[in-house]
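Visitor: Next comes upload_29.csv, CSV, C-alpha atoms and all ligand atoms:
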chain,number,residue,atom,x,y,z
H,1,MET,CA,0.0,0.0,0.0
H,2,LYS,CA,1.4,3.4,-1.0
H,3,LYS,CA,0.1,6.9,-0.2
H,4,TYR,CA,0.5,10.1,-2.2
H,5,PHE,CA,-0.7,13.6,-1.4
H,6,ALA,CA,-1.4,16.7,-3.5
H,7,PRO,CA,-2.2,20.1,-1.9
H,8,GLY,CA,-4.7,22.8,-2.7
H,9,ARG,CA,-3.4,26.3,-3.5
H,10,VAL,CA,-4.2,29.9,-2.9
H,11,ASN,CA,-2.9,32.6,-5.2
H,12,LEU,CA,-1.2,35.4,-3.3
H,13,ILE,CA,-1.4,37.9,-6.2
H,14,GLY,CA,-1.7,37.9,-10.0
H,15,GLU,CA,-5.4,37.0,-10.6
H,16,HIS,CA,-6.7,36.2,-14.0
H,17,LEU,CA,-3.3,36.6,-15.5
H,18,ASP,CA,-2.4,33.0,-16.3
H,19,TYR,CA,-4.5,32.9,-19.5
H,20,ASN,CA,-3.3,36.4,-20.4
H,21,GLY,CA,0.4,35.3,-20.6
H,22,GLY,CA,1.4,37.0,-17.3
H,23,THR,CA,3.1,36.0,-14.1
H,24,VAL,CA,1.2,34.7,-11.1
H,25,LEU,CA,2.3,34.0,-7.5
H,26,PRO,CA,0.4,31.1,-5.8
H,27,VAL,CA,1.4,29.0,-2.8
H,28,ALA,CA,0.5,25.3,-2.1
H,29,ILE,CA,-1.3,24.9,1.2
H,30,HIS,CA,-1.3,22.1,3.8
H,31,LEU,CA,-4.9,20.9,3.0
H,32,GLY,CA,-5.2,18.5,0.1
H,33,VAL,CA,-6.1,15.2,-1.3
H,34,THR,CA,-4.5,11.9,-0.3
H,35,ALA,CA,-4.5,8.8,-2.7
H,36,THR,CA,-3.9,5.4,-1.2
H,37,VAL,CA,-2.8,2.8,-3.9
H,38,GLN,CA,-3.1,-1.0,-3.6
H,39,PRO,CA,-2.0,-3.2,-6.5
H,40,LEU,CA,-4.7,-5.5,-8.0
H,41,GLN,CA,-4.5,-8.7,-10.1
H,42,GLU,CA,-7.2,-8.1,-12.7
H,43,ASN,CA,-6.8,-5.6,-15.5
H,44,VAL,CA,-8.8,-2.9,-13.7
H,45,ILE,CA,-8.5,0.3,-11.8
H,46,VAL,CA,-10.9,0.7,-8.9
H,47,LEU,CA,-11.5,4.3,-7.7
H,48,SER,CA,-13.2,5.1,-4.5
H,49,SER,CA,-13.5,8.0,-2.2
H,50,ALA,CA,-14.0,8.0,1.5
H,51,THR,CA,-15.0,11.7,1.3
H,52,HIS,CA,-17.5,11.2,-1.6
H,53,SER,CA,-18.9,7.8,-0.9
H,54,PHE,CA,-18.5,6.4,-4.4
H,55,SER,CA,-16.8,3.5,-6.1
H,56,LYS,CA,-16.0,3.1,-9.8
H,57,ARG,CA,-14.4,0.1,-11.5
H,58,ILE,CA,-12.7,0.7,-14.9
H,59,ASP,CA,-11.7,-2.1,-17.2
H,60,LEU,CA,-8.3,-1.0,-18.6
H,61,SER,CA,-9.1,-2.4,-22.0
H,62,ASP,CA,-12.3,-0.2,-22.2
H,63,GLU,CA,-12.5,3.3,-23.7
H,64,ILE,CA,-13.2,6.0,-21.1
H,65,HIS,CA,-15.5,9.0,-21.8
H,66,PHE,CA,-16.7,12.0,-19.8
H,67,ASP,CA,-20.1,11.3,-18.2
H,68,LYS,CA,-21.7,14.0,-16.1
H,69,ALA,CA,-23.2,11.2,-14.0
H,70,ASN,CA,-19.7,10.2,-12.9
H,71,ASP,CA,-19.5,13.6,-11.1
H,72,TRP,CA,-16.3,13.9,-9.1
H,73,ALA,CA,-14.9,10.6,-10.5
H,74,ASN,CA,-14.5,12.4,-13.9
H,75,TYR,CA,-11.2,13.9,-12.7
H,76,PRO,CA,-9.4,10.7,-12.1
H,77,LEU,CA,-11.2,9.1,-15.1
H,78,GLY,CA,-9.9,12.0,-17.3
H,79,ILE,CA,-6.3,11.3,-16.1
H,80,ILE,CA,-6.6,7.6,-16.7
H,81,ALA,CA,-8.0,8.2,-20.2
H,82,GLN,CA,-5.2,10.6,-21.1
H,83,LEU,CA,-2.5,8.3,-19.7
H,84,LYS,CA,-3.9,5.5,-21.9
H,85,LYS,CA,-4.1,7.8,-24.9
H,86,GLU,CA,-0.4,8.7,-24.5
H,87,ASN,CA,0.6,5.0,-24.0
H,88,HIS,CA,1.8,5.2,-20.5
H,89,SER,CA,1.8,1.8,-18.9
H,90,LEU,CA,-0.8,1.5,-16.2
H,91,ARG,CA,-0.7,-1.0,-13.4
H,92,PRO,CA,-4.0,-2.5,-12.2
H,93,CYS,CA,-4.8,-1.0,-8.8
H,94,GLU,CA,-7.3,0.4,-6.4
H,95,ILE,CA,-7.0,4.1,-5.5
H,96,ILE,CA,-8.8,5.3,-2.4
H,97,PHE,CA,-9.1,9.1,-2.2
H,98,GLU,CA,-9.5,11.1,1.0
H,99,SER,CA,-9.7,14.9,1.1
H,100,ASN,CA,-9.6,17.6,3.7
H,101,LEU,CA,-9.7,20.4,1.1
H,102,PRO,CA,-13.0,22.3,0.8
H,103,GLU,CA,-14.5,21.6,-2.6
H,104,ALA,CA,-15.9,24.1,-5.1
H,105,SER,CA,-14.3,26.8,-3.0
H,106,GLY,CA,-11.6,28.0,-5.4
H,107,LEU,CA,-8.8,26.2,-3.6
H,108,SER,CA,-8.1,23.9,-6.6
H,109,SER,CA,-9.5,20.7,-5.3
H,110,SER,CA,-10.0,19.5,-8.9
H,111,ALA,CA,-6.3,20.2,-9.8
H,112,ALA,CA,-5.3,18.4,-6.6
H,113,VAL,CA,-7.3,15.3,-7.6
H,114,GLU,CA,-5.9,15.3,-11.1
H,115,VAL,CA,-2.3,15.8,-10.0
H,116,VAL,CA,-2.4,13.2,-7.2
H,117,THR,CA,-4.0,10.6,-9.6
H,118,ALA,CA,-1.5,11.2,-12.3
H,119,PHE,CA,1.4,11.2,-9.9
H,120,ALA,CA,0.2,8.1,-8.1
H,121,LEU,CA,-0.3,6.1,-11.3
H,122,LEU,CA,3.0,7.1,-12.8
H,123,ALA,CA,4.8,6.4,-9.6
H,124,GLN,CA,3.8,2.7,-10.0
H,125,THR,CA,5.8,2.5,-13.3
H,126,GLU,CA,8.1,5.4,-13.8
H,127,LYS,CA,11.2,6.4,-11.8
H,128,GLN,CA,11.3,10.1,-12.6
H,129,ILE,CA,8.2,12.2,-13.0
H,130,ASN,CA,8.8,15.7,-14.5
H,131,LEU,CA,6.5,17.9,-12.4
H,132,SER,CA,6.2,20.7,-15.0
H,133,TRP,CA,5.2,18.2,-17.6
H,134,LEU,CA,2.7,16.7,-15.1
H,135,ALA,CA,1.1,20.1,-14.5
H,136,LEU,CA,0.7,20.6,-18.3
H,137,PHE,CA,-0.7,17.1,-18.7
H,138,CYS,CA,-3.3,17.7,-15.9
H,139,LYS,CA,-4.3,21.1,-17.3
H,140,GLN,CA,-4.9,19.4,-20.7
H,141,VAL,CA,-7.2,16.9,-19.0
H,142,GLU,CA,-9.1,19.8,-17.3
H,143,ASN,CA,-9.4,21.7,-20.6
H,144,ASP,CA,-10.3,18.8,-22.9
H,145,PHE,CA,-11.9,16.0,-20.8
H,146,ILE,CA,-13.6,18.1,-18.1
H,147,GLY,CA,-14.2,21.0,-20.5
H,148,VAL,CA,-13.0,23.9,-18.3
H,149,LYS,CA,-10.8,26.3,-20.1
H,150,CYS,CA,-8.6,27.2,-17.2
H,151,GLY,CA,-5.0,28.5,-17.4
H,152,ILE,CA,-1.9,26.7,-16.0
H,153,MET,CA,-1.7,28.2,-12.5
H,154,ASP,CA,-3.7,25.7,-10.4
H,155,GLN,CA,-2.1,22.4,-11.7
H,156,TYR,CA,1.3,24.0,-11.7
H,157,ALA,CA,1.0,25.3,-8.1
H,158,VAL,CA,-0.3,21.9,-6.9
H,159,ALA,CA,2.5,20.0,-8.6
H,160,LEU,CA,5.5,22.4,-7.8
H,161,GLY,CA,4.6,24.2,-4.7
H,162,LYS,CA,7.3,24.5,-2.0
H,163,ARG,CA,7.2,24.9,1.7
H,164,ASN,CA,7.6,28.5,2.9
H,165,ASN,CA,7.9,29.7,-0.8
H,166,ALA,CA,5.6,31.2,-3.3
H,167,LEU,CA,5.9,30.0,-6.8
H,168,LEU,CA,6.4,32.8,-9.4
H,169,ILE,CA,5.0,31.2,-12.6
H,170,ASP,CA,5.7,32.7,-16.0
H,171,CYS,CA,2.6,31.5,-17.7
H,172,ASP,CA,3.8,32.7,-21.1
H,173,LYS,CA,7.1,30.8,-21.1
H,174,VAL,CA,5.8,28.2,-18.7
H,175,ASN,CA,8.6,28.2,-16.2
H,176,HIS,CA,8.9,29.2,-12.6
H,177,ARG,CA,11.1,30.3,-9.7
H,178,TYR,CA,10.6,30.3,-6.0
H,179,ILE,CA,10.2,33.4,-4.0
H,180,PRO,CA,10.7,33.0,-0.2
H,181,PHE,CA,7.4,33.6,1.6
H,182,GLU,CA,7.8,33.4,5.4
H,183,THR,CA,5.2,35.2,7.4
H,184,GLY,CA,7.0,35.2,10.8
H,185,GLU,CA,4.5,36.7,13.3
H,186,TYR,CA,1.9,37.0,10.7
H,187,ARG,CA,-0.6,34.3,9.5
H,188,LEU,CA,-1.9,33.5,6.1
H,189,LEU,CA,-5.7,33.1,6.4
H,190,VAL,CA,-8.2,31.7,4.0
H,191,MET,CA,-11.8,33.0,4.3
H,192,ASN,CA,-14.3,30.7,2.6
H,193,THR,CA,-17.6,32.4,1.5
H,194,LYS,CA,-19.3,28.9,1.4
H,195,LYS,CA,-21.3,30.3,-1.5
H,196,PRO,CA,-22.0,27.9,-4.4
H,197,ARG,CA,-20.3,29.2,-7.5
H,198,SER,CA,-23.0,28.7,-10.1
H,199,LEU,CA,-21.9,31.4,-12.7
H,200,ILE,CA,-18.2,30.6,-12.5
H,201,HIS,CA,-17.6,28.8,-15.8
H,202,SER,CA,-19.7,31.0,-18.1
H,203,LYS,CA,-18.3,34.2,-16.5
H,204,TYR,CA,-14.8,32.9,-16.6
H,205,ASN,CA,-15.0,32.2,-20.3
H,206,GLU,CA,-16.6,35.6,-20.8
H,207,ARG,CA,-13.7,37.4,-19.2
H,208,LYS,CA,-11.3,35.3,-21.3
H,209,GLN,CA,-13.0,36.3,-24.4
H,210,GLU,CA,-13.1,40.0,-23.4
H,211,CYS,CA,-9.3,39.9,-22.9
H,212,GLU,CA,-8.8,38.2,-26.3
H,213,GLU,CA,-10.9,41.0,-27.9
H,214,ALA,CA,-9.0,43.7,-26.1
H,215,LEU,CA,-5.7,42.2,-27.2
H,216,LYS,CA,-6.8,41.9,-30.8
H,217,ILE,CA,-7.7,45.6,-30.8
H,218,MET,CA,-4.5,46.7,-29.2
H,219,ARG,CA,-2.5,44.6,-31.6
H,220,THR,CA,-3.9,46.6,-34.6
H,221,THR,CA,-1.7,49.5,-33.5
H,222,LYS,CA,0.9,47.7,-31.2
H,223,SER,CA,1.6,44.6,-33.1
H,224,GLU,CA,4.7,43.9,-31.0
H,225,ILE,CA,2.7,42.6,-28.0
H,226,GLU,CA,2.0,38.9,-27.8
H,227,ASN,CA,-0.3,39.0,-24.8
H,228,LEU,CA,-2.2,41.5,-22.7
H,229,CYS,CA,0.3,41.4,-19.8
H,230,GLN,CA,2.9,42.9,-22.1
H,231,ALA,CA,0.7,46.0,-22.7
H,232,ASP,CA,1.4,49.4,-21.3
H,233,MET,CA,-1.3,51.4,-19.4
H,234,LEU,CA,-0.8,54.3,-21.9
H,235,TRP,CA,-2.2,52.1,-24.6
H,236,LEU,CA,-5.6,51.7,-23.0
H,237,ASN,CA,-6.9,54.7,-25.0
H,238,VAL,CA,-7.0,52.6,-28.2
H,239,LEU,CA,-9.9,50.7,-26.5
H,240,SER,CA,-13.1,52.7,-27.1
H,241,ASN,CA,-15.3,50.1,-25.4
H,242,GLU,CA,-15.4,51.0,-21.7
H,243,VAL,CA,-15.9,47.4,-20.5
H,244,LEU,CA,-12.9,46.1,-22.5
H,245,LYS,CA,-10.9,49.0,-21.3
H,246,ARG,CA,-11.6,48.1,-17.6
H,247,ARG,CA,-10.8,44.4,-18.2
H,248,ALA,CA,-7.5,45.3,-19.8
H,249,ARG,CA,-6.7,47.8,-17.1
H,250,HIS,CA,-7.1,45.1,-14.5
H,251,VAL,CA,-4.8,42.8,-16.4
H,252,ILE,CA,-2.1,45.4,-17.0
H,253,SER,CA,-2.2,46.9,-13.4
H,254,GLU,CA,-2.3,43.4,-11.8
H,255,GLN,CA,0.9,42.5,-13.7
H,256,LEU,CA,2.5,45.6,-12.4
H,257,ARG,CA,1.5,44.6,-8.9
H,258,VAL,CA,2.9,41.2,-9.3
H,259,ASN,CA,6.3,42.7,-10.4
H,260,GLU,CA,6.2,45.0,-7.3
H,261,ALA,CA,5.2,42.1,-5.0
H,262,VAL,CA,8.2,40.0,-6.1
H,263,LYS,CA,10.5,43.0,-5.3
H,264,VAL,CA,9.0,43.6,-1.8
H,265,LEU,CA,8.8,40.0,-0.9
H,266,GLN,CA,12.5,39.7,-1.5
H,267,HIS,CA,12.9,42.1,1.4
H,268,ASN,CA,10.2,40.3,3.4
H,269,ASP,CA,8.2,43.6,3.3
H,270,LEU,CA,4.8,42.1,4.1
H,271,SER,CA,3.3,45.5,4.8
H,272,THR,CA,3.8,46.7,1.3
H,273,PHE,CA,2.7,43.3,0.0
H,274,GLY,CA,-0.5,43.7,2.0
H,275,ARG,CA,-1.2,47.0,0.3
H,276,LEU,CA,-0.7,45.4,-3.1
H,277,MET,CA,-3.2,42.7,-2.1
H,278,ASN,CA,-5.8,45.4,-1.2
H,279,ALA,CA,-5.2,47.1,-4.5
H,280,SER,CA,-5.6,43.8,-6.4
H,281,HIS,CA,-8.9,43.2,-4.8
H,282,THR,CA,-10.2,46.7,-5.7
H,283,SER,CA,-9.2,46.1,-9.3
H,284,LEU,CA,-10.8,42.6,-9.4
H,285,LYS,CA,-14.0,44.2,-7.9
H,286,ASN,CA,-14.3,47.3,-10.0
H,287,ASP,CA,-12.4,46.7,-13.3
H,288,TYR,CA,-12.6,42.9,-13.7
H,289,GLU,CA,-15.9,42.5,-11.9
H,290,VAL,CA,-15.4,38.9,-10.6
H,291,SER,CA,-16.0,39.6,-6.9
H,292,GLY,CA,-19.4,40.0,-5.4
H,293,VAL,CA,-21.1,40.9,-2.1
H,294,GLU,CA,-19.8,37.8,-0.3
H,295,LEU,CA,-16.1,38.2,-1.2
H,296,ASP,CA,-16.3,42.0,-0.8
H,297,THR,CA,-17.7,41.6,2.7
H,298,LEU,CA,-15.1,39.2,3.8
H,299,VAL,CA,-12.2,41.2,2.3
H,300,GLU,CA,-13.4,44.6,3.4
H,301,SER,CA,-14.2,43.6,6.9
H,302,ALA,CA,-10.8,41.9,7.3
H,303,GLN,CA,-9.0,45.0,5.9
H,304,GLN,CA,-10.5,47.0,8.8
H,305,ILE,CA,-8.9,44.9,11.5
H,306,ASN,CA,-5.8,46.4,13.1
H,307,GLY,CA,-3.0,44.0,12.4
H,308,CYS,CA,-4.4,42.8,9.1
H,309,LEU,CA,-1.8,43.8,6.4
H,310,GLY,CA,-4.0,43.1,3.4
H,311,ALA,CA,-6.8,41.0,2.0
H,312,ARG,CA,-8.1,40.0,-1.4
H,313,MET,CA,-10.2,37.4,-3.2
H,314,THR,CA,-8.2,34.5,-4.6
H,315,GLY,CA,-8.8,32.3,-7.6
H,316,ALA,CA,-11.5,32.8,-10.2
H,317,GLY,CA,-14.0,34.7,-8.0
H,318,PHE,CA,-17.8,34.7,-8.0
H,319,GLY,CA,-17.7,33.2,-4.5
H,320,GLY,CA,-15.1,30.8,-3.4
H,321,CYS,CA,-12.3,32.1,-1.0
H,322,ALA,CA,-10.5,35.2,-0.1
H,323,ILE,CA,-7.2,35.5,1.7
H,324,ALA,CA,-5.8,37.8,4.4
H,325,ILE,CA,-2.4,38.3,6.1
H,326,ALA,CA,-2.9,39.2,9.7
H,327,HIS,CA,-0.8,39.4,12.8
H,328,ALA,CA,-1.1,36.3,15.0
H,329,ALA,CA,-2.4,38.4,17.9
H,330,SER,CA,-5.2,39.8,15.6
H,331,VAL,CA,-6.4,36.4,14.2
H,332,GLU,CA,-9.1,35.8,16.8
H,333,GLU,CA,-10.6,39.3,16.5
H,334,LEU,CA,-10.5,39.0,12.7
H,335,VAL,CA,-12.3,35.6,12.7
H,336,ASN,CA,-15.0,36.9,15.1
H,337,LYS,CA,-15.6,40.3,13.5
H,338,VAL,CA,-15.5,39.0,9.9
H,339,SER,CA,-17.8,36.1,10.7
H,340,GLU,CA,-20.3,38.4,12.4
H,341,LYS,CA,-20.3,41.0,9.7
H,342,TYR,CA,-20.5,38.3,7.0
H,343,PHE,CA,-23.6,36.7,8.6
H,344,SER,CA,-25.3,40.0,9.1
H,345,VAL,CA,-24.8,41.0,5.4
H,346,THR,CA,-25.3,37.6,3.7
H,347,GLY,CA,-27.1,35.3,6.1
H,348,LEU,CA,-24.3,32.8,5.5
H,349,HIS,CA,-21.7,31.3,7.8
H,350,CYS,CA,-18.1,31.7,6.5
H,351,GLU,CA,-15.2,29.6,7.5
H,352,VAL,CA,-11.7,30.9,8.2
H,353,TYR,CA,-8.6,28.6,8.1
H,354,GLU,CA,-5.0,29.4,9.0
H,355,CYS,CA,-2.9,28.0,6.2
H,356,LYS,CA,0.7,26.7,6.1
H,357,VAL,CA,2.6,27.2,2.9
H,358,SER,CA,3.5,23.6,1.9
H,359,ASP,CA,5.2,21.4,-0.6
H,360,GLY,CA,3.6,20.3,-3.9
H,361,VAL,CA,2.6,16.7,-4.8
H,362,ARG,CA,4.6,14.0,-3.0
H,363,ALA,CA,4.7,10.4,-1.8
H,364,ARG,CA,3.7,10.2,1.9
H,401,LIG,C1,-9.1,29.7,-11.8
H,401,LIG,C2,-8.3,29.0,-13.0
H,401,LIG,C3,-6.9,29.5,-13.1
H,401,LIG,C4,-6.8,31.0,-13.0
H,401,LIG,C5,-7.7,31.6,-11.9
H,401,LIG,C6,-7.8,33.1,-11.9
H,401,LIG,O1,-8.5,29.2,-10.6
H,401,LIG,O2,-8.4,27.6,-12.9
H,401,LIG,O3,-6.3,29.0,-14.2
H,401,LIG,O4,-7.2,31.6,-14.2
H,401,LIG,O5,-9.0,31.1,-11.9
H,401,LIG,O6,-6.5,33.7,-11.6
Using structure tokens, write down the structure that the file contains.
Ligand code: GLA

Guide:
Amino acid sequence: MKKYFAPGRVNLIGEHLDYNGGTVLPVAIHLGVTATVQPLQENVIVLSSATHSFSKRIDLSDEIHFDKANDWANYPLGIIAQLKKENHSLRPCEIIFESNLPEASGLSSSAAVEVVTAFALLAQTEKQINLSWLALFCKQVENDFIGVKCGIMDQYAVALGKRNNALLIDCDKVNHRYIPFETGEYRLLVMNTKKPRSLIHSKYNERKQECEEALKIMRTTKSEIENLCQADMLWLNVLSNEVLKRRARHVISEQLRVNEAVKVLQHNDLSTFGRLMNASHTSLKNDYEVSGVELDTLVESAQQINGCLGARMTGAGFGGCAIAIAHAASVEELVNKVSEKYFSVTGLHCEVYECKVSDGVRAR
């Protein structure tokens, strides 16, 4: 019996930049998905989940297709289908999943399941697994088998995260470097809206298209740019459509904030980093319009706590989670005040977790 673990992630800054060719700065967190693998004799893979109470048996000589009825099992099924397609040898086995990562909350639980499944299956047969390749492989499954047109950030962070480091991913060149992220007396908090994210896929694709449109227009006069993150603020005036202008302004300003964040984190200047987080949230709220009353309430009430350096939504938005960096001594007050305010505004109960910045996928 062997055990493997893939973490969830939060993005510290650089939101909605991955599919715009920019740089993003996520961290892997201590919560995630564990896969326990047992060899079997027959030519099958049996998937089951303690957390989801399902069991699925796949004959390895059968073709595998996406089926909505398979629900959560589609993630491991997509990985198995793609491994088969690319002629990786697969050993018959049973995989039991267990997760302590909140789902549908924007903490990349789907990327964690994909990455842990691929890693666990390949670990049965291959000595070396190239983690950048693994991230791209899992992204392709998410794009083609699951049908979600996400960028590379989530799978990459889940695969290559590193303890006490943020991962600066260049999503254009698809490479990365580590930026030390040690919070000392401060804590990284995740605040979960617990709001179902029904509009997420349609709105996500809409933003992607708006960015493509903005880039196309800019390129008619600035043909040298290959993606929106390379554009200059001064070029926004070529966009006469106000909506496109705001979308592009978020992308360009967010890229500048990431560049600044990397500089200040190198000096462990968490105060300035916190201010960049706040500015990022304002831009996501007003220019990119992917926040909402739930995320805004969490973020804005956290920002008012003494000892909170900054807060912002994280991930795609439209519900899901926000993050905050707060002094250890302020955490209790933050949790109480934010929860109270959140309930009074939305009638929902939020959850707040303290997160440890952790390693990416690994054997346990
Ligand atoms: C989701 C996607 C990522 C990224 C973020 C927004 O998490 O899966 O690829 O686009 O939204 O930054």

Visitor: List all protein, DNA and RNA residues that have any atom at most 6 Å from ligand LIG 401 (chain H), counting all atoms listed in the file, and write the list as a list in words.

Guide: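 After applying the 6 Å limit, what remains is Glu15, His16, Leu17, Asp18, Cys150, Gly151, Ile152, Met153, Asp154, Gly315 and Ala316 of chain H.
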
Visitor: Compute the distance from (-0.4, 7.9, 2.4) to each atom, counting all atoms listed in the file, keep the residues with any atom at most 9 Å away, and return them as a list in words; use the coordinates of the file.

Guide: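 Those residues, ordered by chain and then number, are Met1, Lys2, Lys3, Tyr4, Phe5, Thr34, Ala35, Thr36, Val37, Ala363 and Arg364 of chain H.
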
Visitor: For the selection just defined, write its residues with C-alpha atoms to a file, as a compact mmCIF listing (two decimals), keeping the file's coordinate frame.

Guide:
# COMPACT_ATOMS: atom_id res chain seq x y z
CA MET H 1 0.00 0.00 0.00
CA LYS H 2 1.40 3.40 -1.00
CA LYS H 3 0.10 6.90 -0.20
CA TYR H 4 0.50 10.10 -2.20
CA PHE H 5 -0.70 13.60 -1.40
CA THR H 34 -4.50 11.90 -0.30
CA ALA H 35 -4.50 8.80 -2.70
CA THR H 36 -3.90 5.40 -1.20
CA VAL H 37 -2.80 2.80 -3.90
CA ALA H 363 4.70 10.40 -1.80
CA ARG H 364 3.70 10.20 1.90

Visitor: Determine the nearest neighbour of Val24 of chain H from the options H:Lys222, H:Arg163, H:Lys127, H:Arg257, counting all atoms listed in the file.

Guide: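 Counting all atoms listed in the file, the residue closest to Val24 of chain H is H:Arg257.
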
Visitor: Can you pull out the residues contacting segment 62-75 of chain H? Cut-off 9 Å, using all atoms listed in the file, and skip same-chain residues under 4 positions away; I want them as number ranges by chain.

Guide: H: 47-49, 52, 54-56, 58, 79-81, 110-111, 113-114, 117, 141-142, 145-146

Visitor: Separation of atom CA of Pro26 of chain H and atom CA of Pro102 of chain H, in Å?

Guide: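 Separation of atom CA of Pro26 of chain H and atom CA of Pro102 of chain H: 17.3 Å.
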
Visitor: Measuring atom to atom with all atoms listed in the file, identify which of H:Val238, H:Val115, H:Ile95, H:Leu31 is nearest to Leu136 of chain H.

Guide: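 Using all atoms listed in the file, the shortest distance to Leu136 of chain H belongs to H:Val115.
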
Visitor: Quick one: everything within 9 Å of segment 130-133 of chain H, counting all atoms listed in the file, minus sequence neighbours fewer than 4 positions away in the same chain. Send it as a list in words.

Guide: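 Counting only the stated atoms, we get Phe119, Phe137, Cys138, Tyr156, Ala159, Leu160, Val174, Asn175 and Val361 of chain H.
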
Visitor: Please identify all polymer residues within 12 Å of segment 299-307 of chain H, counting all atoms listed in the file, omitting same-chain residues fewer than 3 positions from it, and present them as a PDB file with C-alpha atoms, keeping the file's coordinate frame.

Guide:
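That gives us part.pdb:
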ATOM      1  CA  GLU H 185       4.500  36.700  13.300  1.00  0.00           C
ATOM      2  CA  TYR H 186       1.900  37.000  10.700  1.00  0.00           C
ATOM      3  CA  ARG H 187      -0.600  34.300   9.500  1.00  0.00           C
ATOM      4  CA  LEU H 189      -5.700  33.100   6.400  1.00  0.00           C
ATOM      5  CA  VAL H 190      -8.200  31.700   4.000  1.00  0.00           C
ATOM      6  CA  MET H 191     -11.800  33.000   4.300  1.00  0.00           C
ATOM      7  CA  ASN H 192     -14.300  30.700   2.600  1.00  0.00           C
ATOM      8  CA  THR H 193     -17.600  32.400   1.500  1.00  0.00           C
ATOM      9  CA  LEU H 270       4.800  42.100   4.100  1.00  0.00           C
ATOM     10  CA  SER H 271       3.300  45.500   4.800  1.00  0.00           C
ATOM     11  CA  GLY H 274      -0.500  43.700   2.000  1.00  0.00           C
ATOM     12  CA  ARG H 275      -1.200  47.000   0.300  1.00  0.00           C
ATOM     13  CA  MET H 277      -3.200  42.700  -2.100  1.00  0.00           C
ATOM     14  CA  ASN H 278      -5.800  45.400  -1.200  1.00  0.00           C
ATOM     15  CA  ALA H 279      -5.200  47.100  -4.500  1.00  0.00           C
ATOM     16  CA  SER H 280      -5.600  43.800  -6.400  1.00  0.00           C
ATOM     17  CA  HIS H 281      -8.900  43.200  -4.800  1.00  0.00           C
ATOM     18  CA  THR H 282     -10.200  46.700  -5.700  1.00  0.00           C
ATOM     19  CA  LEU H 284     -10.800  42.600  -9.400  1.00  0.00           C
ATOM     20  CA  LYS H 285     -14.000  44.200  -7.900  1.00  0.00           C
ATOM     21  CA  SER H 291     -16.000  39.600  -6.900  1.00  0.00           C
ATOM     22  CA  GLY H 292     -19.400  40.000  -5.400  1.00  0.00           C
ATOM     23  CA  VAL H 293     -21.100  40.900  -2.100  1.00  0.00           C
ATOM     24  CA  GLU H 294     -19.800  37.800  -0.300  1.00  0.00           C
ATOM     25  CA  LEU H 295     -16.100  38.200  -1.200  1.00  0.00           C
ATOM     26  CA  ASP H 296     -16.300  42.000  -0.800  1.00  0.00           C
ATOM     27  CA  GLY H 310      -4.000  43.100   3.400  1.00  0.00           C
ATOM     28  CA  ALA H 311      -6.800  41.000   2.000  1.00  0.00           C
ATOM     29  CA  ARG H 312      -8.100  40.000  -1.400  1.00  0.00           C
ATOM     30  CA  MET H 313     -10.200  37.400  -3.200  1.00  0.00           C
ATOM     31  CA  THR H 314      -8.200  34.500  -4.600  1.00  0.00           C
ATOM     32  CA  GLY H 319     -17.700  33.200  -4.500  1.00  0.00           C
ATOM     33  CA  CYS H 321     -12.300  32.100  -1.000  1.00  0.00           C
ATOM     34  CA  ALA H 322     -10.500  35.200  -0.100  1.00  0.00           C
ATOM     35  CA  ILE H 323      -7.200  35.500   1.700  1.00  0.00           C
ATOM     36  CA  ALA H 324      -5.800  37.800   4.400  1.00  0.00           C
ATOM     37  CA  ILE H 325      -2.400  38.300   6.100  1.00  0.00           C
ATOM     38  CA  ALA H 326      -2.900  39.200   9.700  1.00  0.00           C
ATOM     39  CA  HIS H 327      -0.800  39.400  12.800  1.00  0.00           C
ATOM     40  CA  ALA H 328      -1.100  36.300  15.000  1.00  0.00           C
ATOM     41  CA  ALA H 329      -2.400  38.400  17.900  1.00  0.00           C
ATOM     42  CA  SER H 330      -5.200  39.800  15.600  1.00  0.00           C
ATOM     43  CA  VAL H 331      -6.400  36.400  14.200  1.00  0.00           C
ATOM     44  CA  GLU H 332      -9.100  35.800  16.800  1.00  0.00           C
ATOM     45  CA  GLU H 333     -10.600  39.300  16.500  1.00  0.00           C
ATOM     46  CA  LEU H 334     -10.500  39.000  12.700  1.00  0.00           C
ATOM     47  CA  VAL H 335     -12.300  35.600  12.700  1.00  0.00           C
ATOM     48  CA  ASN H 336     -15.000  36.900  15.100  1.00  0.00           C
ATOM     49  CA  LYS H 337     -15.600  40.300  13.500  1.00  0.00           C
ATOM     50  CA  VAL H 338     -15.500  39.000   9.900  1.00  0.00           C
ATOM     51  CA  SER H 339     -17.800  36.100  10.700  1.00  0.00           C
ATOM     52  CA  GLU H 340     -20.300  38.400  12.400  1.00  0.00           C
ATOM     53  CA  LYS H 341     -20.300  41.000   9.700  1.00  0.00           C
ATOM     54  CA  TYR H 342     -20.500  38.300   7.000  1.00  0.00           C
ATOM     55  CA  PHE H 343     -23.600  36.700   8.600  1.00  0.00           C
ATOM     56  CA  SER H 344     -25.300  40.000   9.100  1.00  0.00           C
ATOM     57  CA  VAL H 345     -24.800  41.000   5.400  1.00  0.00           C
ATOM     58  CA  CYS H 350     -18.100  31.700   6.500  1.00  0.00           C
ATOM     59  CA  VAL H 352     -11.700  30.900   8.200  1.00  0.00           C
TER      60      VAL H 352
END

Visitor: Neighbours of Asn43 of chain H within 8 Å (only C-alpha atoms; same-chain residues fewer than 5 positions away dropped), as JSON, numbers by chain?

Guide: {"H": [59, 60, 61, 91, 92]}

Visitor: Just how far from atom CA of Ile29 of chain H is atom CA of Gly106 of chain H, in Å to one decimal?

Guide: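 A separation of 12.6 Å between them.
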